[in-house]
Each structure stands twice: as structure tokens, then as C-alpha cells.
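Text of entry_37.cif (mmCIF, C-alpha atoms) as supplied:
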```cif
data_data
#
loop_
_atom_site.label_atom_id
_atom_site.label_comp_id
_atom_site.auth_asym_id
_atom_site.auth_seq_id
_atom_site.Cartn_x
_atom_site.Cartn_y
_atom_site.Cartn_z
CA GLY O 3 -21.06 204.80 64.49
CA THR O 4 -22.92 206.11 67.52
CA PRO O 5 -21.70 205.39 71.09
CA THR O 6 -24.49 202.82 71.45
CA GLU O 7 -23.44 201.00 68.27
CA GLU O 8 -19.81 201.04 69.37
CA SER O 9 -20.74 199.68 72.80
CA CYS O 10 -22.80 196.89 71.22
CA ALA O 11 -19.99 195.95 68.88
CA ARG O 12 -17.48 195.74 71.73
CA PHE O 13 -19.91 193.72 73.82
CA GLU O 14 -20.48 191.23 70.98
CA LYS O 15 -16.70 190.78 70.65
CA ILE O 16 -16.43 190.04 74.37
CA LEU O 17 -19.21 187.45 74.16
CA ALA O 18 -17.59 185.83 71.13
CA ALA O 19 -14.26 185.60 72.94
CA ALA O 20 -16.00 184.08 75.96
CA ARG O 21 -17.69 181.46 73.77
CA GLU O 22 -14.35 180.52 72.20
CA LYS O 23 -12.88 179.93 75.66
CA GLY O 24 -15.93 178.00 76.86
CA LEU O 25 -16.90 180.67 79.40
CA SER O 26 -20.31 181.57 77.97
CA SER O 27 -22.06 179.16 80.36
CA LYS O 28 -20.80 181.20 83.32
CA ILE O 29 -22.43 184.42 82.10
CA ASN O 30 -25.88 184.38 83.65
CA ALA O 31 -26.97 187.94 82.82
CA SER O 32 -28.46 188.84 79.48
CA LYS O 33 -26.99 191.55 77.27
CA ASP O 34 -29.91 193.88 78.08
CA GLN O 35 -29.39 193.35 81.83
CA ILE O 36 -25.69 194.12 81.57
CA PHE O 37 -26.33 197.31 79.61
CA HIS O 38 -28.97 198.37 82.13
CA TYR O 39 -26.56 197.77 85.03
CA GLY O 40 -23.72 199.62 83.28
CA SER O 41 -25.89 202.63 82.52
CA GLN O 42 -27.07 202.77 86.14
CA ILE O 43 -23.49 202.74 87.46
CA GLY O 44 -22.40 205.46 85.05
CA GLY O 45 -25.17 207.83 85.98
CA SER O 46 -25.75 207.14 89.67
CA ARG O 47 -25.20 209.66 92.44
CA PRO O 48 -23.54 208.96 95.81
CA SER O 49 -26.01 207.53 98.31
CA SER O 50 -24.42 209.33 101.29
CA ASN O 51 -24.37 213.06 101.95
CA LEU O 52 -21.33 215.31 101.44
CA PHE O 53 -20.37 215.32 105.12
CA ARG O 54 -20.27 211.53 105.34
CA GLN O 55 -18.31 211.34 102.07
CA PHE O 56 -15.82 213.87 103.46
CA ARG O 57 -15.42 212.00 106.77
CA LEU O 58 -14.78 208.65 105.09
CA LEU O 59 -12.45 210.13 102.46
CA LEU O 60 -10.51 212.09 105.08
CA GLY O 61 -9.83 208.89 107.01
CA ARG O 62 -8.64 207.18 103.84
CA SER O 63 -6.45 210.12 102.84
CA LEU O 64 -4.82 210.34 106.28
CA ARG O 65 -4.02 206.63 106.19
CA GLU O 66 -2.51 207.08 102.74
CA VAL O 67 -0.39 210.07 103.83
CA PHE O 68 1.03 208.37 106.92
CA ARG O 69 1.43 204.96 105.29
CA GLY O 70 4.85 205.77 103.81
CA LYS O 71 6.72 205.72 107.12
CA GLY O 72 10.07 205.30 105.40
CA ALA O 73 9.62 208.46 103.32
CA ILE O 74 8.43 210.37 106.38
CA ILE O 75 11.51 209.37 108.37
CA ILE O 76 13.81 210.38 105.50
CA LYS O 77 12.16 213.80 105.23
CA LEU O 78 12.37 214.31 108.98
CA MET O 79 16.07 213.47 108.92
CA GLN O 80 16.48 215.88 106.04
CA GLN O 81 14.86 218.68 108.05
CA ILE O 82 16.96 217.89 111.12
CA THR O 83 20.15 217.84 109.06
CA ILE O 84 19.43 221.15 107.31
CA ALA O 85 18.46 222.83 110.59
CA GLY O 86 21.67 221.58 112.20
CA LEU O 87 23.69 222.79 109.22
CA TYR O 88 22.17 226.26 109.42
CA GLY O 89 22.78 226.26 113.17
CA GLY O 90 26.46 225.52 112.59
CA ILE O 91 26.81 228.32 110.03
CA TYR O 92 24.73 231.14 111.48
CA GLN O 93 25.49 232.54 114.93
CA LEU O 94 23.47 235.72 115.13
CA GLY O 95 24.53 238.59 117.32
CA SER O 96 23.64 242.26 117.64
CA ASN O 97 26.32 243.91 115.49
CA GLN O 98 25.75 245.46 112.08
CA ALA O 99 26.90 242.36 110.20
CA SER O 100 24.18 240.29 111.89
CA ILE O 101 21.54 242.28 109.98
CA GLN O 102 22.65 240.77 106.67
CA ASP O 103 23.00 237.37 108.32
CA ARG O 104 19.43 237.48 109.59
CA ILE O 105 18.08 238.47 106.19
CA GLY O 106 19.98 235.63 104.52
CA LEU O 107 18.89 233.03 107.09
CA LEU O 108 15.21 233.99 107.00
CA SER O 109 15.25 233.92 103.20
CA LEU O 110 16.66 230.38 103.27
CA VAL O 111 14.02 229.31 105.78
CA ALA O 112 11.22 230.62 103.53
CA ILE O 113 12.71 228.95 100.43
CA GLY O 114 13.29 225.65 102.20
CA GLY O 115 9.78 225.58 103.64
CA ALA O 116 8.21 226.27 100.26
CA ASN O 117 10.35 223.67 98.53
CA MET O 118 9.55 220.95 101.07
CA ALA O 119 5.80 221.64 101.07
CA ILE O 120 5.42 221.73 97.29
CA ALA O 121 7.58 218.65 96.73
CA SER O 122 5.61 216.68 99.35
CA VAL O 123 2.22 217.06 97.64
CA ILE O 124 2.93 217.73 93.96
CA ARG O 125 2.65 214.03 93.04
CA SER O 126 -0.64 213.50 94.89
CA PHE O 127 -3.24 214.07 92.19
CA PRO O 128 -1.56 212.86 88.96
CA ARG O 129 -1.06 209.32 90.25
CA GLU O 130 -4.61 209.14 91.68
CA LYS O 131 -6.60 210.65 88.80
CA THR O 132 -7.43 207.32 87.19
CA ILE O 133 -8.75 205.94 90.48
CA ILE O 134 -10.66 209.15 91.22
CA SER O 135 -12.26 209.18 87.76
CA ASP O 136 -13.33 205.56 88.09
CA GLU O 137 -14.78 205.94 91.59
CA THR O 138 -16.57 209.26 90.94
CA GLY O 139 -17.87 207.84 87.65
CA LYS O 140 -19.42 204.97 89.58
CA GLY O 141 -21.07 207.44 91.93
CA LEU O 142 -19.10 206.43 95.03
CA TYR O 143 -18.39 210.06 95.96
CA ASP O 144 -18.19 213.59 94.54
CA THR O 145 -15.05 215.50 93.58
CA LEU O 146 -15.52 218.25 96.21
CA PRO O 147 -15.39 216.09 99.37
CA TYR O 148 -12.47 214.15 97.89
CA PHE O 149 -10.48 217.30 97.19
CA VAL O 150 -11.14 218.92 100.57
CA SER O 151 -10.23 215.73 102.43
CA LYS O 152 -7.06 215.33 100.36
CA ALA O 153 -5.98 218.94 100.92
CA ILE O 154 -6.58 218.78 104.67
CA SER O 155 -4.90 215.40 105.06
CA GLU O 156 -1.63 216.80 103.71
CA ILE O 157 -1.49 219.63 106.29
CA PRO O 158 -0.47 217.63 109.42
CA LEU O 159 2.62 216.20 107.77
CA VAL O 160 3.64 219.54 106.27
CA GLY O 161 3.15 221.10 109.70
CA LEU O 162 5.21 218.37 111.36
CA PHE O 163 8.19 219.08 109.12
CA ALA O 164 7.91 222.83 109.75
CA THR O 165 7.67 222.30 113.52
CA VAL O 166 10.70 220.01 113.72
CA PHE O 167 12.78 222.35 111.57
CA SER O 168 11.77 225.49 113.49
CA THR O 169 12.30 223.91 116.91
CA ILE O 170 15.91 223.05 116.03
CA ILE O 171 16.98 226.07 114.03
CA TYR O 172 15.59 228.76 116.32
CA PRO O 173 17.82 228.22 119.38
CA LEU O 174 20.85 227.08 117.38
CA THR O 175 21.10 230.23 115.27
CA GLY O 176 20.25 232.68 118.06
CA LEU O 177 17.11 234.21 116.59
CA GLN O 178 15.34 236.76 118.81
CA LYS O 179 14.07 235.33 122.11
CA GLY O 180 10.38 235.56 122.84
CA LYS O 181 9.33 235.37 119.18
CA PHE O 182 9.46 231.61 118.65
CA THR O 183 5.71 230.96 118.78
CA ARG O 184 5.03 233.54 116.10
CA PHE O 185 8.01 232.28 114.07
CA LEU O 186 6.56 228.78 114.19
CA GLY O 187 3.11 229.99 113.16
CA LEU O 188 4.51 231.97 110.22
CA SER O 189 6.62 228.99 109.11
CA TYR O 190 3.56 226.77 109.31
CA LEU O 191 1.48 229.25 107.31
CA ASN O 192 4.20 229.48 104.67
CA SER O 193 4.17 225.68 104.37
CA VAL O 194 0.38 225.48 104.05
CA CYS O 195 0.46 228.25 101.44
CA SER O 196 3.10 226.35 99.46
CA GLU O 197 1.13 223.13 99.85
CA GLY O 198 -1.73 224.86 98.02
CA VAL O 199 0.55 225.62 95.08
CA GLY O 200 1.70 221.99 95.05
CA LEU O 201 -1.90 220.82 94.98
CA PHE O 202 -2.64 223.17 92.09
CA LEU O 203 0.32 221.97 90.03
CA GLY O 204 -0.67 218.37 90.68
CA ALA O 205 -4.33 218.98 89.86
CA VAL O 206 -3.73 220.58 86.46
CA SER O 207 -0.93 218.19 85.40
CA PRO O 208 -1.91 215.05 83.50
CA THR O 209 1.09 213.10 84.86
CA SER O 210 3.61 213.32 87.69
CA ASP O 211 6.36 214.06 85.16
CA VAL O 212 4.54 217.18 83.96
CA ALA O 213 3.97 218.35 87.55
CA LEU O 214 7.65 217.86 88.41
CA ALA O 215 8.68 219.69 85.25
CA LEU O 216 6.57 222.71 86.27
CA PHE O 217 8.00 222.76 89.79
CA PRO O 218 11.52 224.25 89.16
CA PRO O 219 10.45 227.28 87.09
CA ILE O 220 7.67 228.10 89.55
CA LEU O 221 10.13 227.94 92.46
CA VAL O 222 12.75 230.03 90.62
CA LEU O 223 10.21 232.76 89.84
CA ASN O 224 9.21 232.85 93.49
CA ILE O 225 12.85 233.22 94.53
CA ILE O 226 13.55 235.99 92.02
CA PHE O 227 10.53 238.02 93.15
CA ASP O 228 11.00 237.42 96.88
CA GLY O 229 11.12 241.11 97.74
CA LYS O 230 14.88 241.55 98.01
CA ASN O 231 16.40 240.24 94.77
CA ILE O 232 14.60 242.87 92.69
CA SER O 233 12.62 245.88 93.85
CA GLU O 234 8.94 246.21 93.01
CA GLU O 235 9.68 249.52 91.27
CA ASN O 236 12.12 247.87 88.83
CA THR O 237 9.98 244.80 88.16
CA PRO O 238 8.90 244.67 84.47
CA LYS O 239 5.28 245.73 84.14
CA ILE O 240 4.32 242.50 82.43
CA LEU O 241 5.58 240.61 85.51
CA SER O 242 4.42 243.06 88.16
CA TRP O 243 1.73 240.63 89.35
CA ILE O 244 4.24 237.94 90.37
CA PRO O 245 5.52 239.64 93.58
CA LYS O 246 1.93 239.94 94.77
CA ILE O 247 1.48 236.14 94.71
CA SER O 248 5.06 235.08 95.46
CA LEU O 249 5.04 232.46 98.20
CA ILE O 250 8.61 233.08 99.23
CA ARG O 251 8.17 236.87 99.21
CA TRP O 252 5.30 236.72 101.73
CA GLY O 253 6.88 233.93 103.76
CA PHE O 254 10.20 235.78 103.99
CA GLU O 255 8.60 239.15 104.72
CA GLY O 256 6.52 237.72 107.55
CA LEU O 257 9.55 236.08 109.16
CA ALA O 258 11.59 239.29 108.77
CA LEU O 259 8.90 241.49 110.32
CA ASN O 260 8.64 239.12 113.26
CA GLU O 261 12.39 238.84 113.82
CA PHE O 262 13.40 242.50 113.48
CA ASP O 263 10.52 243.88 115.55
CA GLY O 264 12.02 245.25 118.77
CA LEU O 265 15.67 244.52 117.93
CA THR O 266 18.47 246.99 118.56
CA PHE O 267 21.95 246.77 117.02
CA ASP O 268 25.40 247.93 118.03
CA THR O 269 27.10 250.45 115.80
CA SER O 270 30.43 248.68 116.24
CA GLY O 271 31.88 245.82 114.25
CA PRO O 272 31.78 245.11 110.52
CA ARG O 273 29.25 247.16 108.58
CA ARG O 274 27.15 246.27 105.55
CA GLY O 275 25.74 249.52 104.20
CA PRO O 276 24.30 252.38 106.30
CA VAL O 277 24.25 252.00 110.08
CA ALA O 278 20.93 250.71 111.44
CA ARG O 279 20.32 251.03 115.16
CA THR O 280 16.86 249.46 115.30
CA GLY O 281 15.04 246.64 113.59
CA ALA O 282 12.80 249.11 111.80
CA GLU O 283 15.82 250.89 110.30
CA ALA O 284 17.26 247.54 109.25
CA LEU O 285 14.03 246.56 107.49
CA ALA O 286 13.90 249.93 105.74
CA ARG O 287 17.38 249.27 104.34
CA PHE O 288 15.94 246.29 102.42
CA GLY O 289 12.71 248.00 101.41
CA LEU O 290 10.68 246.13 104.04
CA GLY O 291 8.59 247.38 106.91
CA GLN O 292 5.89 249.19 104.95
CA ARG O 293 3.48 246.33 105.65
CA SER O 294 2.40 244.64 108.88
CA LEU O 295 2.12 240.99 109.86
CA HIS O 296 -1.64 241.35 109.36
CA ASP O 297 -1.02 242.22 105.70
CA VAL O 298 1.27 239.20 105.31
CA VAL O 299 -1.22 236.77 106.86
CA LYS O 300 -4.04 238.21 104.76
CA ALA O 301 -2.03 237.81 101.54
CA GLN O 302 -1.06 234.22 102.37
CA SER O 303 -4.65 233.35 103.31
CA LEU O 304 -5.82 234.66 99.94
CA ILE O 305 -3.18 232.56 98.16
CA ILE O 306 -4.31 229.46 100.06
CA GLY O 307 -7.97 230.04 99.21
CA SER O 308 -7.22 230.80 95.56
CA THR O 309 -4.93 227.80 95.02
CA TRP O 310 -7.38 225.43 96.69
CA PHE O 311 -10.24 226.72 94.53
CA LEU O 312 -8.19 226.49 91.33
CA SER O 313 -6.97 223.03 92.34
CA TYR O 314 -10.55 221.86 92.75
CA LEU O 315 -11.49 223.23 89.34
CA GLY O 316 -8.39 221.70 87.75
CA LEU O 317 -9.13 218.33 89.31
CA ARG O 318 -12.78 218.41 88.34
CA PHE O 319 -12.34 219.42 84.71
CA SER O 320 -9.13 217.51 83.92
CA ARG O 321 -10.19 214.14 85.26
CA GLN O 322 -10.45 211.26 82.84
CA LYS O 323 -13.89 210.50 81.44
CA PHE O 324 -15.21 207.08 80.52
CA MET O 325 -17.93 206.21 78.05
CA ALA O 326 -21.01 204.96 79.85
CA MET O 327 -22.66 201.77 78.60
CA GLU O 328 -25.96 202.48 76.91
CA GLU O 329 -28.79 200.06 76.49
CA PRO O 330 -29.42 199.40 72.78
CA ALA O 331 -32.79 200.31 71.32
CA LYS O 332 -35.22 197.45 70.94
CA GLU O 333 -35.30 196.11 67.43
CA GLU O 334 -38.67 196.55 65.75
CA GLN O 335 -40.52 193.33 65.27
#
```

Could you render the structure as C-alpha cells?
Amino acid sequence: GTPTEESCARFEKILAAAREKGLSSKINASKDQIFHYGSQIGGSRPSSNLFRQFRLLLGRSLREVFRGKGAIIIKLMQQITIAGLYGGIYQLGSNQASIQDRIGLLSLVAIGGANMAIASVIRSFPREKTIISDETGKGLYDTLPYFVSKAISEIPLVGLFATVFSTIIYPLTGLQKGKFTRFLGLSYLNSVCSEGVGLFLGAVSPTSDVALALFPPILVLNIIFDGKNISEENTPKILSWIPKISLIRWGFEGLALNEFDGLTFDTSGPRRGPVARTGAEALARFGLGQRSLHDVVKAQSLIIGSTWFLSYLGLRFSRQKFMAMEEPAKEEQ
């Protein structure tokens, strides 16, 4: 039958069950009143403006993010442990072998930052979609202020992990002095960029299991097309677009440009390929250096904006929908 007929039939079954249990005396509203109330809830709009919705939702999202203190402590310990491990392995100098060491270390930093950021937020939307659908359906708030507040609330924690990791690894490994502030900013930007991808995967996935299943292949593709595992010239044409949006490629390239700028290397010691006396020559050996930090920041900013926009669309159009109660037509006398 029609939605109205189906709603009436379900309502009559509920009333019959209530009568059997002796609860009918506690139902003071008539059937018409209940249908009128249900239809008003289903079609109402939020009473507050978008800014107030955003402010209230941001406070709720921040409380939710920082509520899991145990998980936060575990992730912090993980970052401290990994940074200490890298510090014990890498001792960077100025000989030719240190060029390869720097490239390897910066690549690991970009991969680790992307992995941590995506994993931290990828479960956010799938587990909340039912609640979101219910609350937006009742007109408590709109999808846009919810999404923006959720995306922003994840940034402080992602930034905290990046800051702790960078603060430990930078002096331990002997990365170039005087470049820490920029290194920290690039690491933070890489994390925020990766957070956007995590939000997108979570927004378009119906469940957390689907989001987690999408995570490994996305990460592997980003590692393959990171700018040093395969050259852009040899990338298959059908996949030529992937390096342009690779999180790890842009994160790694930004860190490399920052680190090698102004460096000079000894020509003594073990060699790995042609001799490079300057940081620019070292970058050219790996096909880097054609772009500037401005290009890297611009590319990452575009990725952040695109993933946030697509996440909003995915959240808006994949949310669960509920049938609104409709008031039955009056029976003709």
C-alpha cells in the first residue's frame, strides 16, 4: 500500500499490543495527534542558525574526541616509541651515504604521519551515521555544521601526535638545524591532509568494516606513487592522476625540499650513485627539486579542500533515511 496506509497499519498494531498489555489507558494522545506530531518532527527545520549549530556541535565533537583518554595515551606512546626507534637507527651526517639515509627517513615520516592521521578518523562517521540521521531528521541541526565541526575537532589531536613525534625525532636523528619549525609545519599539514582522506573514506563507507577494508589499498597506492618508487614518466597513463593526489608524495616532497635546502655534503665516505655536493644536486638525483614548497603547500591545500567537500557530500547523500509519519486522510462521512 501507500506509505500512509503502511504507517496506519503499523500504528494499529502498536495500539493493539498496548491494549493486550493493559497500557492503553496510559496513552493520552489520539491517533490523529500522534500522526500530526510525527509529521512535524520529520519535516521541521533547526530553530537555531548555522553558526550556533556549529558552535554547539563543535563543543560536543571536541568532548567526544578527547573523551577516550586511554586511546590517546596509547597513541602518544606509540609516537614516542617510533620516534625513539628512528632516532636509534638514523644518525645523519654530511657524507654521501647520508643522502640516501635522509631520503629514507623522510619517506618513513611521511608514511607514518599519513597512516596515523587516517587511522585516527576513519571510524568517525560510520559509527555515528545512525545518530546523525536521527537527529538531522528531527530537525535538531543540519549536516553542514555537523560535518565542519567534526572535521575541525579531529585536527587538534592529529596535530598533537605530529608535534610530539617531530619534537623527538628531529634532534635524535640529526636533521638540519634551523629548519625544525618548517619541518613541524609540513608534518602537521601532511597529517591534516591525510585526515581529510580518512574523513572521506569514513563518510562514503556504510560501516566501519568497509572503511577499514578500503584503508590498506589506498595507503599502498599512495606509497607506490610517492615520487621515488616510480617516476612520473613511467607511470601508466591510466594511473597518471594518482601521483598528483598522492598524500605521501606531497608530504615526502615537502619534507625533502625543506631538509636538503642549503645542505652541503662531503665527497668522502661511502657513495650511493653520483657524487652530490649540495642539497639541490642530491634532490636532482631523485627527480626532486623541480617544484617549490609553495607548490607543495598549494597541492596539499587543494587535497584538503577537495576531500572535505567530497566527505560532506558523501555524508549527506549516504545517510540513512527514515519514513516520516503521515496523518491519514479523514474518512468521508

Sorted by chain and rising residue number, which residues of stretch 128-189 of chain O lie within 12 Å of stretch 77-92 of chain O, and what are their closest atom pairs and distances in Å to one decimal, counting all atoms listed in the file, as a Markdown table?
```
| residue | atom | partner | partner_atom | distance |
| --- | --- | --- | --- | --- |
| O:Leu159 | CA | O:Leu78 | CA | 10.0 |
| O:Val160 | CA | O:Lys77 | CA | 10.3 |
| O:Gly161 | CA | O:Leu78 | CA | 11.5 |
| O:Leu162 | CA | O:Leu78 | CA | 8.6 |
| O:Phe163 | CA | O:Leu78 | CA | 6.3 |
| O:Ala164 | CA | O:Gln81 | CA | 8.3 |
| O:Thr165 | CA | O:Gln81 | CA | 9.7 |
| O:Val166 | CA | O:Ile82 | CA | 7.1 |
| O:Phe167 | CA | O:Gln81 | CA | 5.5 |
| O:Ser168 | CA | O:Ala85 | CA | 7.8 |
| O:Thr169 | CA | O:Ala85 | CA | 8.9 |
| O:Ile170 | CA | O:Ala85 | CA | 6.0 |
| O:Ile171 | CA | O:Ala85 | CA | 5.0 |
| O:Tyr172 | CA | O:Gly89 | CA | 8.2 |
| O:Pro173 | CA | O:Gly89 | CA | 8.2 |
| O:Leu174 | CA | O:Gly89 | CA | 4.7 |
| O:Thr175 | CA | O:Gly89 | CA | 4.8 |
| O:Gly176 | CA | O:Tyr92 | CA | 8.1 |
| O:Leu177 | CA | O:Tyr92 | CA | 9.7 |
```

From (24.6, 253.7, 116.2), in the file's coordinates, out to 12 Å: which residues are reached, counting all atoms listed in the file? Answer as a list in words. Ser96, Asn97, Gln98, Thr266, Phe267, Asp268, Thr269, Ser270, Gly271, Arg273, Pro276, Val277, Ala278, Arg279, Thr280, Glu283 and Ala284 of chain O

Preceding selection exported with C-alpha atoms as a compact mmCIF listing (two decimals), in the frame of the given file:
```txt
# COMPACT_ATOMS: atom_id res chain seq x y z
CA SER O 96 23.64 242.26 117.64
CA ASN O 97 26.32 243.91 115.49
CA GLN O 98 25.75 245.46 112.08
CA THR O 266 18.47 246.99 118.56
CA PHE O 267 21.95 246.77 117.02
CA ASP O 268 25.40 247.93 118.03
CA THR O 269 27.10 250.45 115.80
CA SER O 270 30.43 248.68 116.24
CA GLY O 271 31.88 245.82 114.25
CA ARG O 273 29.25 247.16 108.58
CA PRO O 276 24.30 252.38 106.30
CA VAL O 277 24.25 252.00 110.08
CA ALA O 278 20.93 250.71 111.44
CA ARG O 279 20.32 251.03 115.16
CA THR O 280 16.86 249.46 115.30
CA GLU O 283 15.82 250.89 110.30
CA ALA O 284 17.26 247.54 109.25
```

Evaluate the PyMOL selection byres ((chain O and resi 308) around 12) against this structure - the residues, as a PyMOL selection string, please. chain O and resi 195-196+198-199+201-202+247+301-307+309-315

- Item | Reference answer for the PyMOL selection byres ((chain O and resi 56) around 12), as a ChimeraX atom specification | /O:48,50-55,57-64,142-155

Closest atom pairs, residues of stretch 158-194 of chain O within 8 Å of stretch 109-117 of chain O, only C-alpha atoms, as JSON lines:
```
{"residue": "O:Ala164", "atom": "CA", "partner": "O:Gly115", "partner_atom": "CA", "distance": 7.0}
{"residue": "O:Ser189", "atom": "CA", "partner": "O:Gly115", "partner_atom": "CA", "distance": 7.2}
{"residue": "O:Asn192", "atom": "CA", "partner": "O:Ala116", "partner_atom": "CA", "distance": 6.8}
{"residue": "O:Ser193", "atom": "CA", "partner": "O:Gly115", "partner_atom": "CA", "distance": 5.7}
```

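Pairwise distance (atom CA of O:Gly95, atom CA of O:Lys179) equals 12.0 Å.
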
Any idea what's packed within 10 Å of O:Asn260, counting all atoms listed in the file, ignoring anything in its chain fewer than 6 positions away? Could you give it as a compact mmCIF listing (two decimals) with C-alpha atoms, in the coordinates of the input?
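Output file selection-v5.txt is given in full below:
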```
# COMPACT_ATOMS: atom_id res chain seq x y z
CA GLN O 178 15.34 236.76 118.81
CA LYS O 181 9.33 235.37 119.18
CA PHE O 182 9.46 231.61 118.65
CA ARG O 184 5.03 233.54 116.10
CA PHE O 185 8.01 232.28 114.07
CA LEU O 188 4.51 231.97 110.22
CA PHE O 254 10.20 235.78 103.99
CA GLY O 281 15.04 246.64 113.59
CA SER O 294 2.40 244.64 108.88
CA LEU O 295 2.12 240.99 109.86
```

Exercise for the section: Rank O:Phe319, O:Arg65, O:Arg251, O:Val299 by their smallest atom-to-atom distance to O:Tyr190, using only C-alpha atoms, and report the top residue only. Expected result: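 For O:Tyr190, the nearest of the given residues is O:Val299.
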
One decimal place gives the atom CA of O:Ser135-atom CA of O:Gly204 separation as 15.1 Å

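Atom to atom, atom CA of O:Ser126 and atom CA of O:Ile76 stand 18.2 Å apart.
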
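Selection check: the PyMOL selection byres ((chain O and resi 227-229) around 8) on the shown file gives Leu223, Asn224, Ile225, Ile226, Lys230, Asn231, Ile232, Ser233, Glu234, Ile244, Pro245, Ser248, Leu249, Ile250, Arg251, Trp252, Phe254, Glu255 and Gly289 of chain O.
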
Give me a file of those residues, with C-alpha atoms, as a PDB file, in the frame of the given file.
```
ATOM      1  CA  LEU O 223      10.210 232.760  89.840  1.00  0.00           C
ATOM      2  CA  ASN O 224       9.210 232.850  93.490  1.00  0.00           C
ATOM      3  CA  ILE O 225      12.850 233.220  94.530  1.00  0.00           C
ATOM      4  CA  ILE O 226      13.550 235.990  92.020  1.00  0.00           C
ATOM      5  CA  LYS O 230      14.880 241.550  98.010  1.00  0.00           C
ATOM      6  CA  ASN O 231      16.400 240.240  94.770  1.00  0.00           C
ATOM      7  CA  ILE O 232      14.600 242.870  92.690  1.00  0.00           C
ATOM      8  CA  SER O 233      12.620 245.880  93.850  1.00  0.00           C
ATOM      9  CA  GLU O 234       8.940 246.210  93.010  1.00  0.00           C
ATOM     10  CA  ILE O 244       4.240 237.940  90.370  1.00  0.00           C
ATOM     11  CA  PRO O 245       5.520 239.640  93.580  1.00  0.00           C
ATOM     12  CA  SER O 248       5.060 235.080  95.460  1.00  0.00           C
ATOM     13  CA  LEU O 249       5.040 232.460  98.200  1.00  0.00           C
ATOM     14  CA  ILE O 250       8.610 233.080  99.230  1.00  0.00           C
ATOM     15  CA  ARG O 251       8.170 236.870  99.210  1.00  0.00           C
ATOM     16  CA  TRP O 252       5.300 236.720 101.730  1.00  0.00           C
ATOM     17  CA  PHE O 254      10.200 235.780 103.990  1.00  0.00           C
ATOM     18  CA  GLU O 255       8.600 239.150 104.720  1.00  0.00           C
ATOM     19  CA  GLY O 289      12.710 248.000 101.410  1.00  0.00           C
TER      20      GLY O 289
END
```

Residue with the minimum atom-to-atom distance to O:Gly200, picked from O:Ser100, O:Gln93, O:Gln292, O:Ser122 with all atoms listed in the file counted, is O:Ser122

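Among the candidates O:Gly106, O:Gly141, O:Gly70, O:Gly180, the residue lying nearest to O:Gly264 is O:Gly180 (atoms considered: only C-alpha atoms).
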
Selection: 6 Å around stretch 128-134 of chain O, only C-alpha atoms, excl. self and same-chain fewer than 4 positions, as a list in words |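 Returned residues: Thr138, Gly204, Pro208, Thr209 and Ser210 of chain O.
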